[in-house]
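Trainee: Contents of work.pdb (PDB, C-alpha atoms) are below:
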```pdb
ATOM      1  CA  MET A   1     -31.115 -17.826 -24.682
ATOM      2  CA  LEU A   2     -34.337 -15.930 -25.210
ATOM      3  CA  PRO A   3     -36.770 -16.372 -22.289
ATOM      4  CA  VAL A   4     -39.922 -18.375 -22.950
ATOM      5  CA  ARG A   5     -42.102 -15.300 -22.446
ATOM      6  CA  ALA A   6     -40.245 -13.369 -25.159
ATOM      7  CA  ARG A   7     -40.383 -16.333 -27.524
ATOM      8  CA  LEU A   8     -44.092 -16.682 -26.943
ATOM      9  CA  GLY A   9     -44.522 -12.949 -27.500
ATOM     10  CA  LEU A  10     -42.839 -13.172 -30.902
ATOM     11  CA  ARG A  11     -44.958 -16.167 -31.876
ATOM     12  CA  VAL A  12     -48.163 -14.322 -30.943
ATOM     13  CA  GLN A  13     -46.974 -11.255 -32.862
ATOM     14  CA  GLU A  14     -46.233 -13.449 -35.865
ATOM     15  CA  VAL A  15     -49.703 -14.996 -35.841
ATOM     16  CA  LEU A  16     -51.526 -11.678 -35.408
ATOM     17  CA  SER A  17     -49.379  -9.964 -38.040
ATOM     18  CA  GLN A  18     -50.030 -12.759 -40.478
ATOM     19  CA  ALA A  19     -53.773 -12.702 -39.858
ATOM     20  CA  LEU A  20     -53.991  -8.951 -40.431
ATOM     21  CA  ILE A  21     -51.866  -8.742 -43.590
ATOM     22  CA  PRO A  22     -54.829  -7.615 -45.717
ATOM     23  CA  VAL A  23     -55.259  -4.610 -43.423
ATOM     24  CA  THR A  24     -51.649  -3.687 -42.696
ATOM     25  CA  TYR A  25     -49.990  -4.472 -46.019
ATOM     26  CA  TYR A  26     -52.621  -2.905 -48.214
ATOM     27  CA  GLY A  27     -53.072  -0.039 -45.760
ATOM     28  CA  ILE A  28     -49.379   0.747 -46.008
ATOM     29  CA  VAL A  29     -49.321   0.312 -49.783
ATOM     30  CA  GLY A  30     -52.337   2.628 -49.936
ATOM     31  CA  TRP A  31     -50.359   5.241 -48.017
ATOM     32  CA  LEU A  32     -47.309   4.749 -50.274
ATOM     33  CA  ARG A  33     -49.533   5.266 -53.312
ATOM     34  CA  TYR A  34     -51.200   8.270 -51.676
ATOM     35  CA  ARG A  35     -47.699   9.759 -51.430
ATOM     36  CA  ARG A  36     -47.376   8.856 -55.148
ATOM     37  CA  TYR A  37     -44.327   6.727 -54.501
ATOM     38  CA  ARG A  38     -43.363   4.480 -57.365
ATOM     39  CA  VAL A  39     -41.104   1.486 -57.899
ATOM     40  CA  PRO A  40     -40.933   1.344 -61.699
ATOM     41  CA  ASP A  41     -39.784  -2.253 -62.092
ATOM     42  CA  LEU A  42     -41.972  -3.768 -59.382
ATOM     43  CA  SER A  43     -42.931  -6.884 -61.356
ATOM     44  CA  ARG A  44     -39.334  -7.636 -62.305
ATOM     45  CA  LEU A  45     -38.131  -7.186 -58.718
ATOM     46  CA  ARG A  46     -40.846  -9.443 -57.339
ATOM     47  CA  ALA A  47     -40.081 -12.095 -59.931
ATOM     48  CA  GLU A  48     -36.387 -11.828 -59.094
ATOM     49  CA  PHE A  49     -37.076 -12.193 -55.382
ATOM     50  CA  ALA A  50     -39.393 -15.142 -55.990
ATOM     51  CA  ALA A  51     -36.737 -16.803 -58.174
ATOM     52  CA  LEU A  52     -34.086 -16.305 -55.490
ATOM     53  CA  ASP A  53     -36.311 -18.018 -52.957
ATOM     54  CA  ARG A  54     -37.684 -20.732 -55.220
ATOM     55  CA  GLY A  55     -37.197 -24.221 -53.810
ATOM     56  CA  ARG A  56     -35.393 -22.913 -50.771
ATOM     57  CA  ARG A  57     -36.357 -22.927 -47.166
ATOM     58  CA  GLY A  58     -34.568 -21.574 -44.190
ATOM     59  CA  PRO A  59     -33.772 -18.168 -42.817
ATOM     60  CA  LEU A  60     -33.102 -15.094 -44.871
ATOM     61  CA  LEU A  61     -31.243 -12.029 -43.685
ATOM     62  CA  VAL A  62     -32.149  -9.039 -45.824
ATOM     63  CA  CYS A  63     -29.472  -6.347 -45.514
ATOM     64  CA  ALA A  64     -30.152  -2.885 -46.878
ATOM     65  CA  ASN A  65     -28.881   0.658 -46.971
ATOM     66  CA  HIS A  66     -30.857   3.127 -44.894
ATOM     67  CA  ILE A  67     -31.706   6.716 -45.729
ATOM     68  CA  THR A  68     -35.374   7.367 -44.818
ATOM     69  CA  LEU A  69     -37.877   6.139 -42.241
ATOM     70  CA  VAL A  70     -39.908   4.302 -44.863
ATOM     71  CA  ASP A  71     -37.101   2.188 -46.365
ATOM     72  CA  SER A  72     -38.407  -1.017 -44.809
ATOM     73  CA  LEU A  73     -41.916  -0.342 -46.168
ATOM     74  CA  VAL A  74     -40.621   0.292 -49.673
ATOM     75  CA  ILE A  75     -38.470  -2.842 -49.557
ATOM     76  CA  GLN A  76     -41.339  -5.037 -48.371
ATOM     77  CA  TRP A  77     -43.576  -3.545 -51.079
ATOM     78  CA  ALA A  78     -40.913  -4.108 -53.724
ATOM     79  CA  LEU A  79     -40.220  -7.732 -52.802
ATOM     80  CA  ALA A  80     -43.690  -9.226 -52.703
ATOM     81  CA  PRO A  81     -47.373  -8.412 -53.115
ATOM     82  CA  GLY A  82     -49.663  -8.813 -50.111
ATOM     83  CA  TRP A  83     -51.405 -11.919 -51.370
ATOM     84  CA  ARG A  84     -48.028 -13.659 -51.649
ATOM     85  CA  LEU A  85     -47.346 -12.965 -47.994
ATOM     86  CA  LEU A  86     -50.555 -14.759 -47.112
ATOM     87  CA  VAL A  87     -49.311 -17.975 -48.703
ATOM     88  CA  ARG A  88     -45.613 -17.467 -47.934
ATOM     89  CA  PRO A  89     -45.417 -16.042 -44.413
ATOM     90  CA  ARG A  90     -41.621 -16.086 -44.586
ATOM     91  CA  TRP A  91     -41.774 -13.321 -47.170
ATOM     92  CA  PHE A  92     -43.355 -11.013 -44.631
ATOM     93  CA  ILE A  93     -40.088  -9.722 -43.261
ATOM     94  CA  TRP A  94     -39.369  -8.861 -39.640
ATOM     95  CA  ASN A  95     -37.551  -5.611 -39.133
ATOM     96  CA  LEU A  96     -35.727  -3.828 -36.353
ATOM     97  CA  PRO A  97     -36.709  -0.140 -36.188
ATOM     98  CA  ASP A  98     -35.458   2.340 -33.647
ATOM     99  CA  ARG A  99     -37.879   2.213 -30.728
ATOM    100  CA  HIS A 100     -38.173   6.022 -30.739
ATOM    101  CA  ASN A 101     -39.447   5.989 -34.312
ATOM    102  CA  ILE A 102     -42.386   3.705 -33.700
ATOM    103  CA  SER A 103     -43.393   4.482 -30.141
ATOM    104  CA  ALA A 104     -44.632   8.040 -30.498
ATOM    105  CA  THR A 105     -48.348   7.188 -30.824
ATOM    106  CA  TRP A 106     -50.556   4.151 -30.242
ATOM    107  CA  PHE A 107     -51.185   4.036 -33.983
ATOM    108  CA  LEU A 108     -47.472   3.719 -34.771
ATOM    109  CA  ARG A 109     -46.995   1.177 -31.990
ATOM    110  CA  THR A 110     -49.857  -0.918 -33.342
ATOM    111  CA  LEU A 111     -48.641  -0.572 -36.913
ATOM    112  CA  GLY A 112     -45.128  -1.533 -35.846
ATOM    113  CA  TYR A 113     -46.406  -4.569 -33.962
ATOM    114  CA  LEU A 114     -48.525  -5.766 -36.867
ATOM    115  CA  GLY A 115     -45.743  -4.891 -39.296
ATOM    116  CA  LYS A 116     -43.496  -7.446 -37.582
ATOM    117  CA  CYS A 117     -41.275  -4.866 -35.966
ATOM    118  CA  VAL A 118     -38.927  -5.760 -33.139
ATOM    119  CA  PRO A 119     -38.136  -2.314 -31.702
ATOM    120  CA  VAL A 120     -34.533  -1.743 -30.716
ATOM    121  CA  LEU A 121     -32.926   0.913 -28.572
ATOM    122  CA  ARG A 122     -30.069   2.432 -30.547
ATOM    123  CA  GLU A 123     -27.008   3.262 -28.476
ATOM    124  CA  GLY A 124     -28.637   1.358 -25.632
ATOM    125  CA  PRO A 125     -26.876  -0.727 -23.002
ATOM    126  CA  PRO A 126     -25.075  -3.906 -24.108
ATOM    127  CA  GLU A 127     -27.810  -6.035 -22.515
ATOM    128  CA  GLU A 128     -30.340  -4.451 -24.855
ATOM    129  CA  ALA A 129     -28.187  -5.269 -27.879
ATOM    130  CA  ARG A 130     -27.788  -8.840 -26.650
ATOM    131  CA  ARG A 131     -31.527  -9.221 -26.194
ATOM    132  CA  THR A 132     -32.118  -7.994 -29.744
ATOM    133  CA  LEU A 133     -29.573 -10.472 -31.072
ATOM    134  CA  GLU A 134     -31.328 -13.253 -29.164
ATOM    135  CA  LYS A 135     -34.660 -12.316 -30.697
ATOM    136  CA  VAL A 136     -33.193 -12.244 -34.199
ATOM    137  CA  ALA A 137     -31.466 -15.582 -33.587
ATOM    138  CA  PHE A 138     -34.807 -17.039 -32.479
ATOM    139  CA  LEU A 139     -36.590 -15.745 -35.571
ATOM    140  CA  LEU A 140     -33.888 -16.934 -37.957
ATOM    141  CA  ALA A 141     -33.788 -20.334 -36.253
ATOM    142  CA  ARG A 142     -37.486 -20.601 -37.085
ATOM    143  CA  GLY A 143     -36.724 -19.980 -40.748
ATOM    144  CA  GLN A 144     -38.052 -16.428 -40.772
ATOM    145  CA  SER A 145     -36.753 -13.458 -42.759
ATOM    146  CA  VAL A 146     -35.312 -10.441 -41.004
ATOM    147  CA  LEU A 147     -34.461  -7.035 -42.455
ATOM    148  CA  VAL A 148     -31.366  -5.383 -41.019
ATOM    149  CA  PHE A 149     -29.782  -2.035 -41.735
ATOM    150  CA  PRO A 150     -26.095  -2.702 -41.065
ATOM    151  CA  GLU A 151     -25.427   1.029 -40.703
ATOM    152  CA  GLY A 152     -27.533   0.896 -37.535
ATOM    153  CA  GLY A 153     -29.539   3.972 -38.511
ATOM    154  CA  ARG A 154     -30.180   6.322 -41.368
ATOM    155  CA  SER A 155     -26.981   7.409 -43.075
ATOM    156  CA  ARG A 156     -26.202  11.040 -42.303
ATOM    157  CA  ILE A 157     -23.913  11.464 -45.297
ATOM    158  CA  GLY A 158     -26.280  10.528 -48.123
ATOM    159  CA  HIS A 159     -24.587   7.255 -48.962
ATOM    160  CA  VAL A 160     -23.561   4.050 -47.201
ATOM    161  CA  ASP A 161     -21.648   5.213 -44.151
ATOM    162  CA  LEU A 162     -18.787   2.842 -43.338
ATOM    163  CA  ASP A 163     -18.063   4.718 -40.133
ATOM    164  CA  ARG A 164     -21.449   3.744 -38.686
ATOM    165  CA  VAL A 165     -21.431   0.077 -39.607
ATOM    166  CA  MET A 166     -22.529  -2.122 -36.708
ATOM    167  CA  TYR A 167     -21.087  -5.598 -36.614
ATOM    168  CA  GLY A 168     -24.253  -7.077 -35.111
ATOM    169  CA  VAL A 169     -25.325  -8.245 -38.553
ATOM    170  CA  GLY A 170     -22.236 -10.485 -38.586
ATOM    171  CA  ARG A 171     -23.213 -11.926 -35.220
ATOM    172  CA  MET A 172     -26.746 -12.580 -36.485
ATOM    173  CA  LEU A 173     -25.323 -14.498 -39.392
ATOM    174  CA  GLN A 174     -23.034 -16.531 -37.182
ATOM    175  CA  GLN A 175     -25.936 -17.402 -34.922
ATOM    176  CA  ALA A 176     -27.974 -18.694 -37.849
ATOM    177  CA  PRO A 177     -25.943 -21.231 -39.774
ATOM    178  CA  GLY A 178     -27.453 -21.705 -43.196
ATOM    179  CA  ALA A 179     -29.025 -18.274 -43.301
ATOM    180  CA  ARG A 180     -28.868 -16.693 -46.714
ATOM    181  CA  VAL A 181     -28.144 -13.027 -47.240
ATOM    182  CA  LEU A 182     -30.002 -10.799 -49.641
ATOM    183  CA  CYS A 183     -28.530  -7.327 -50.071
ATOM    184  CA  VAL A 184     -31.038  -4.681 -51.125
ATOM    185  CA  TYR A 185     -30.039  -1.245 -52.298
ATOM    186  CA  ALA A 186     -33.019   1.107 -52.313
ATOM    187  CA  ARG A 187     -33.232   4.871 -52.608
ATOM    188  CA  GLY A 188     -35.437   7.514 -54.101
ATOM    189  CA  ILE A 189     -33.786   8.996 -57.132
ATOM    190  CA  GLY A 190     -34.303  12.471 -55.718
ATOM    191  CA  GLN A 191     -32.939  11.525 -52.313
ATOM    192  CA  ARG A 192     -29.744  13.516 -51.756
ATOM    193  CA  GLU A 193     -29.405  13.006 -48.015
ATOM    194  CA  HIS A 194     -31.290  11.344 -45.165
ATOM    195  CA  SER A 195     -34.826  12.442 -44.317
ATOM    196  CA  ASP A 196     -37.863  11.145 -42.469
ATOM    197  CA  TYR A 197     -39.845  10.663 -45.663
ATOM    198  CA  PRO A 198     -38.943  10.700 -49.339
ATOM    199  CA  ARG A 199     -40.401  13.601 -51.313
ATOM    200  CA  PRO A 200     -43.987  13.048 -52.567
ATOM    201  CA  GLY A 201     -44.051  11.434 -55.977
ATOM    202  CA  GLU A 202     -40.640   9.855 -55.452
ATOM    203  CA  THR A 203     -39.478   7.077 -57.756
ATOM    204  CA  PHE A 204     -37.401   4.384 -56.120
ATOM    205  CA  PHE A 205     -34.371   2.608 -57.465
ATOM    206  CA  VAL A 206     -34.270  -0.904 -55.964
ATOM    207  CA  ARG A 207     -31.748  -3.630 -56.716
ATOM    208  CA  LEU A 208     -31.244  -7.075 -55.171
ATOM    209  CA  SER A 209     -28.110  -9.141 -54.786
ATOM    210  CA  ALA A 210     -28.067 -12.584 -53.194
ATOM    211  CA  PHE A 211     -24.844 -13.125 -51.385
ATOM    212  CA  ALA A 212     -23.037 -15.792 -49.353
ATOM    213  CA  PRO A 213     -20.464 -14.196 -47.073
ATOM    214  CA  SER A 214     -18.042 -16.470 -45.260
ATOM    215  CA  THR A 215     -15.173 -16.051 -42.873
ATOM    216  CA  ALA A 216     -12.262 -17.977 -41.459
ATOM    217  CA  HIS A 217     -12.310 -15.867 -38.299
ATOM    218  CA  GLN A 218     -14.001 -16.574 -34.986
ATOM    219  CA  GLY A 219     -15.944 -14.446 -32.505
ATOM    220  CA  ILE A 220     -16.108 -10.704 -32.954
ATOM    221  CA  ARG A 221     -13.484 -10.785 -35.705
ATOM    222  CA  ALA A 222     -15.880 -12.975 -37.651
ATOM    223  CA  ASP A 223     -18.714 -10.552 -36.827
ATOM    224  CA  ARG A 224     -16.671  -7.737 -38.299
ATOM    225  CA  ASP A 225     -15.509  -9.693 -41.326
ATOM    226  CA  LEU A 226     -19.028 -10.805 -42.245
ATOM    227  CA  ALA A 227     -20.549  -7.371 -41.617
ATOM    228  CA  MET A 228     -17.905  -5.670 -43.751
ATOM    229  CA  GLN A 229     -18.457  -8.135 -46.603
ATOM    230  CA  ILE A 230     -22.174  -7.351 -46.530
ATOM    231  CA  VAL A 231     -21.629  -3.615 -46.379
ATOM    232  CA  GLY A 232     -18.997  -3.926 -49.098
ATOM    233  CA  ARG A 233     -21.648  -5.455 -51.329
ATOM    234  CA  LEU A 234     -24.033  -2.580 -50.520
ATOM    235  CA  VAL A 235     -21.278  -0.115 -51.394
ATOM    236  CA  GLU A 236     -20.769  -1.880 -54.753
ATOM    237  CA  MET A 237     -24.510  -1.670 -55.414
ATOM    238  CA  GLU A 238     -24.468   1.998 -54.511
ATOM    239  CA  GLN A 239     -21.558   2.642 -56.874
ATOM    240  CA  GLU A 240     -23.541   0.900 -59.573
ATOM    241  CA  TYR A 241     -26.504   3.164 -58.790
ATOM    242  CA  PHE A 242     -24.450   6.334 -59.054
ATOM    243  CA  ALA A 243     -22.629   5.095 -62.152
ATOM    244  CA  HIS A 244     -25.909   4.484 -63.937
ATOM    245  CA  ALA A 245     -27.962   7.160 -62.211
ATOM    246  CA  ASN A 246     -28.438   9.185 -65.352
ATOM    247  CA  LEU A 247     -29.646   6.172 -67.295
ATOM    248  CA  ASP A 248     -32.097   5.098 -64.582
ATOM    249  CA  ARG A 249     -33.513   8.590 -64.152
TER     250      ARG A 249
ATOM    251  CA  MET B 250       3.815  -3.243 -18.524
ATOM    252  CA  ASP B 251       3.451  -0.201 -16.313
ATOM    253  CA  ASN B 252       0.326   1.892 -16.166
ATOM    254  CA  ALA B 253       1.767   4.885 -17.993
ATOM    255  CA  ALA B 254       3.029   2.784 -20.916
ATOM    256  CA  ALA B 255      -0.324   0.997 -21.235
ATOM    257  CA  PHE B 256      -2.167   4.322 -21.077
ATOM    258  CA  GLU B 257       0.027   5.774 -23.825
ATOM    259  CA  LYS B 258      -0.609   2.779 -26.063
ATOM    260  CA  VAL B 259      -4.356   2.911 -25.400
ATOM    261  CA  VAL B 260      -4.421   6.598 -26.336
ATOM    262  CA  GLY B 261      -2.503   5.819 -29.535
ATOM    263  CA  ILE B 262      -4.954   3.087 -30.495
ATOM    264  CA  ILE B 263      -8.025   5.217 -29.847
ATOM    265  CA  LYS B 264      -6.662   8.316 -31.606
ATOM    266  CA  PRO B 265      -7.871   7.473 -35.156
ATOM    267  CA  PHE B 266     -11.447   7.030 -33.881
ATOM    268  CA  VAL B 267     -11.652  10.272 -31.884
ATOM    269  CA  LYS B 268     -14.073  12.927 -33.118
ATOM    270  CA  ASN B 269     -13.621  15.446 -30.298
ATOM    271  CA  GLN B 270      -9.964  16.455 -30.628
ATOM    272  CA  GLU B 271     -10.359  19.160 -27.984
ATOM    273  CA  ALA B 272     -11.207  16.625 -25.286
ATOM    274  CA  PHE B 273      -8.480  14.365 -26.601
ATOM    275  CA  ALA B 274      -5.837  17.058 -26.074
ATOM    276  CA  LYS B 275      -5.770  16.308 -22.335
ATOM    277  CA  PRO B 276      -6.742  12.654 -21.914
ATOM    278  CA  SER B 277      -7.005  11.208 -18.434
ATOM    279  CA  GLU B 278      -8.007   7.847 -17.022
ATOM    280  CA  GLY B 279     -11.473   9.255 -16.380
ATOM    281  CA  THR B 280     -11.991  10.361 -19.976
ATOM    282  CA  ARG B 281     -15.073   8.625 -21.354
ATOM    283  CA  ILE B 282     -14.461   7.085 -24.736
ATOM    284  CA  ILE B 283     -17.887   7.636 -26.269
ATOM    285  CA  GLU B 284     -19.289  10.622 -24.406
ATOM    286  CA  ASP B 285     -16.117  12.746 -24.080
ATOM    287  CA  LEU B 286     -14.056  11.715 -27.087
ATOM    288  CA  GLY B 287     -17.001  11.335 -29.448
ATOM    289  CA  VAL B 288     -15.946   7.885 -30.566
ATOM    290  CA  ASN B 289     -18.776   6.221 -32.496
ATOM    291  CA  SER B 290     -20.075   3.369 -30.341
ATOM    292  CA  ALA B 291     -19.991   1.104 -33.401
ATOM    293  CA  ARG B 292     -16.232   1.570 -33.506
ATOM    294  CA  LEU B 293     -15.672   0.285 -29.954
ATOM    295  CA  VAL B 294     -15.408  -3.216 -31.395
ATOM    296  CA  ASP B 295     -12.561  -2.076 -33.653
ATOM    297  CA  ILE B 296     -10.818  -0.551 -30.655
ATOM    298  CA  ILE B 297     -11.192  -3.760 -28.634
ATOM    299  CA  LEU B 298      -9.818  -5.810 -31.536
ATOM    300  CA  ALA B 299      -6.904  -3.382 -31.807
ATOM    301  CA  PHE B 300      -6.215  -3.933 -28.081
ATOM    302  CA  GLU B 301      -6.181  -7.680 -28.719
ATOM    303  CA  ASP B 302      -3.676  -7.292 -31.537
ATOM    304  CA  GLU B 303      -1.459  -4.809 -29.740
ATOM    305  CA  PHE B 304      -1.320  -6.550 -26.376
ATOM    306  CA  GLY B 305      -1.758 -10.171 -27.450
ATOM    307  CA  ILE B 306      -4.849 -10.647 -25.305
ATOM    308  CA  GLU B 307      -8.340 -11.995 -25.810
ATOM    309  CA  VAL B 308     -11.255  -9.839 -24.735
ATOM    310  CA  ASP B 309     -14.617 -11.479 -24.093
ATOM    311  CA  ASP B 310     -17.909  -9.651 -24.598
ATOM    312  CA  GLU B 311     -18.402  -9.092 -20.877
ATOM    313  CA  SER B 312     -15.005  -7.417 -20.413
ATOM    314  CA  ALA B 313     -15.507  -5.362 -23.560
ATOM    315  CA  ASP B 314     -18.867  -4.104 -22.298
ATOM    316  CA  LYS B 315     -17.206  -2.743 -19.151
ATOM    317  CA  VAL B 316     -14.783  -0.506 -21.023
ATOM    318  CA  ARG B 317     -16.263   2.987 -20.774
ATOM    319  CA  THR B 318     -13.214   5.150 -19.977
ATOM    320  CA  LEU B 319      -9.545   5.181 -20.924
ATOM    321  CA  GLY B 320      -8.838   4.017 -17.365
ATOM    322  CA  ASP B 321     -11.198   1.042 -17.774
ATOM    323  CA  ALA B 322      -9.286   0.055 -20.898
ATOM    324  CA  VAL B 323      -5.926   0.318 -19.151
ATOM    325  CA  GLN B 324      -7.139  -1.713 -16.165
ATOM    326  CA  MET B 325      -8.553  -4.429 -18.397
ATOM    327  CA  ILE B 326      -5.290  -4.647 -20.321
ATOM    328  CA  GLN B 327      -3.274  -4.733 -17.083
ATOM    329  CA  ARG B 328      -5.417  -7.588 -15.794
ATOM    330  CA  LYS B 329      -5.117  -9.599 -18.971
ATOM    331  CA  THR B 330      -1.380  -9.076 -19.436
ATOM    332  CA  ALA B 331      -0.534  -9.701 -15.780
ATOM    333  CA  PRO B 332       1.556 -12.878 -15.356
ATOM    334  CA  ALA B 333      -0.433 -15.780 -13.860
ATOM    335  CA  HIS B 334       0.613 -16.774 -10.330
TER     336      HIS B 334
END
```
I need this file expressed as structure tokens, please.
Mentor:
Amino acid sequence: MLPVRARLGLRVQEVLSQALIPVTYYGIVGWLRYRRYRVPDLSRLRAEFAALDRGRRGPLLVCANHITLVDSLVIQWALAPGWRLLVRPRWFIWNLPDRHNISATWFLRTLGYLGKCVPVLREGPPEEARRTLEKVAFLLARGQSVLVFPEGGRSRIGHVDLDRVMYGVGRMLQQAPGARVLCVYARGIGQREHSDYPRPGETFFVRLSAFAPSTAHQGIRADRDLAMQIVGRLVEMEQEYFAHANLDR
Amino acid sequence: MDNAAAFEKVVGIIKPFVKNQEAFAKPSEGTRIIEDLGVNSARLVDIILAFEDEFGIEVDDESADKVRTLGDAVQMIQRKTAPAH
């Protein structure tokens, strides 16, 4: 179980992040616009997300493909406008970036903290992974939303990489009975392979798919089964993207 | 099951996950699964589940975390398949 100090730390982070949404959210959106990034069907996506959440409470696990460092920012931008986050704190999604990516400068550390980031150490010791799972379990138990990249890091092959799939997302789901899963497939249409940032002026393809994975297995077999169902859905969404890529471009 | 037989089975199970075939050409009990063989750490869970299926054992998280080398895997399997006294 997560120590009291860590729980308190997450609560404080939640409160401060929520209070500073007008600065962080619109600051980040300003930067995205400065880079001339575009999500063409923003209104439709936000309406779709709102409809998926309408009348529901409880935790939400957002599972997405991962190809650039800004995927989580684009997803948050695509799902809800800043003012909505002020009235629906649950829509301000926690995410789990690689500690190395957000610890380089005080600015990034601050931005990560206020952006509801729980830094994780990739390829770290098992205790580190367990601690991360405990934090996610705590957040989901409080009805929060958490963004997870089941591939564990940016795909190095330009598409969803089944060889890198981490089963932790299955464990998170098992630890949060009643959590809903929302798969998000997002990528810049000019994005051929992984990079730190999408090219300036990039247009993003974003699709959502609500999903209710289930398993008859127990323990780590259940972790694997659930994780593979989620990644399977992301693969289907990716196939749809490539099948219709010419139309969407 | 003797040590050599368990080792051979462990090597057979790990083989599909190995990226560094050169290091895998001469496996020893000290060969590290991730660092030497280049096995993706995310795939360790698949390897542990394959051990469970092959040897009819159950591996808890704590035991799984201790498996770093081929020798660790063999020892864990030996312990779990040893008849209870």
Trainee: Give me, as a PyMOL selection string, all polymer residues having an atom no more than 10 Å from B:Thr280, counting all atoms listed in the file and skipping those fewer than 5 positions away in the same chain.
Mentor: chain B and resi 272-273+275+285-286+317-321
Trainee: Considering only C-alpha atoms, state which residue in the set A:Val184, A:Leu173, A:Met228, A:Val165 is at the smallest distance from B:Ala291.
Mentor: A:Val165
Trainee: Residues picked by the ChimeraX specification (/B :<7) & /A here, as a PyMOL selection string?
Mentor: chain A and resi 126+164-166
Trainee: Restricted to C-alpha atoms, what would the selected residues look like written as a PDB file, in the coordinates of the input?
Mentor:
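Output file selection_25.pdb is given in full below:
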```pdb
ATOM      1  CA  PRO A 126     -25.075  -3.906 -24.108  1.00  0.00           C
ATOM      2  CA  ARG A 164     -21.449   3.744 -38.686  1.00  0.00           C
ATOM      3  CA  VAL A 165     -21.431   0.077 -39.607  1.00  0.00           C
ATOM      4  CA  MET A 166     -22.529  -2.122 -36.708  1.00  0.00           C
TER       5      MET A 166
END
```
Trainee: Give as a PyMOL selection string the residues that the PyMOL selection byres ((chain B and resi 324) around 12) matches when applied to the coordinates above.
Mentor: chain B and resi 250-253+255-256+259+278-279+312-313+315-323+325-331
Trainee: For atom CA of A:Trp94 and atom CA of A:Arg44, quote the distance in Å rounded to one decimal.
Mentor: 22.7 Å
Trainee: Please compute the atom CA of A:Ile157-atom CA of A:His194 distance, one decimal, in Å.
Mentor: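 Atom CA of A:His194 lies 7.4 Å from atom CA of A:Ile157.
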Trainee: Quick one: residues within 12 Å of A:Ala80, only C-alpha atoms, excluding same-chain residues fewer than 4 positions away - as a PyMOL selection string?
Mentor: chain A and resi 25-26+29+42-51+53+73-76+84-93
Trainee: How many Å separate atom CA of B:Gly287 from atom CA of B:Val267?
Mentor: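 If I compute the distance from atom CA of B:Gly287 to atom CA of B:Val267, I get 6.0 Å.
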Trainee: Which residues fall under the PyMOL selection byres ((chain A and resi 102-108) around 12) in this file, as a ChimeraX atom specification?
Mentor: /A:24,28,69-70,95-101,109-121
Trainee: Applying 6 Å and all atoms listed in the file, which residues near stretch 206-209 of chain A remain after dropping the ones on its own chain fewer than 4 positions away? List them as a PDB file with C-alpha atoms, in the frame of the given file.
Mentor:
```pdb
ATOM      1  CA  LEU A 182     -30.002 -10.799 -49.641  1.00  0.00           C
ATOM      2  CA  CYS A 183     -28.530  -7.327 -50.071  1.00  0.00           C
ATOM      3  CA  VAL A 184     -31.038  -4.681 -51.125  1.00  0.00           C
ATOM      4  CA  TYR A 185     -30.039  -1.245 -52.298  1.00  0.00           C
ATOM      5  CA  ALA A 186     -33.019   1.107 -52.313  1.00  0.00           C
TER       6      ALA A 186
END
```
Trainee: Select, from A:Gln174, A:Ser17, A:Gln191, A:Thr132, the residue with the minimum atom-to-atom distance to A:Ala216, counting only C-alpha atoms.
Mentor: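 Looking only at the distances to A:Ala216, the closest residue turns out to be A:Gln174.
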Trainee: With 4 Å of padding per side, what axis-aligned box (centre and edge lengths, Å, one decimal) covers all the listed atoms of stretch 129-144 of chain A? Give it as lines of an AutoDock Vina configuration file.
Mentor:
```
center_x = -32.9
center_y = -12.9
center_z = -33.5
size_x = 18.3
size_y = 23.3
size_z = 22.6
```
Trainee: Quick one: residues within 10 Å of A:Phe211, only C-alpha atoms, excluding same-chain residues fewer than 6 positions away - as a ChimeraX atom specification?
Mentor: /A:180-183,229-230,233
Trainee: Applying 8 Å and only C-alpha atoms, which residues near A:Gly188 remain after dropping the ones on its own chain fewer than 5 positions away? List them as a list in words.
Mentor: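 Using only C-alpha atoms, the neighbours found are Pro198, Glu202, Thr203, Phe204 and Phe205 of chain A.
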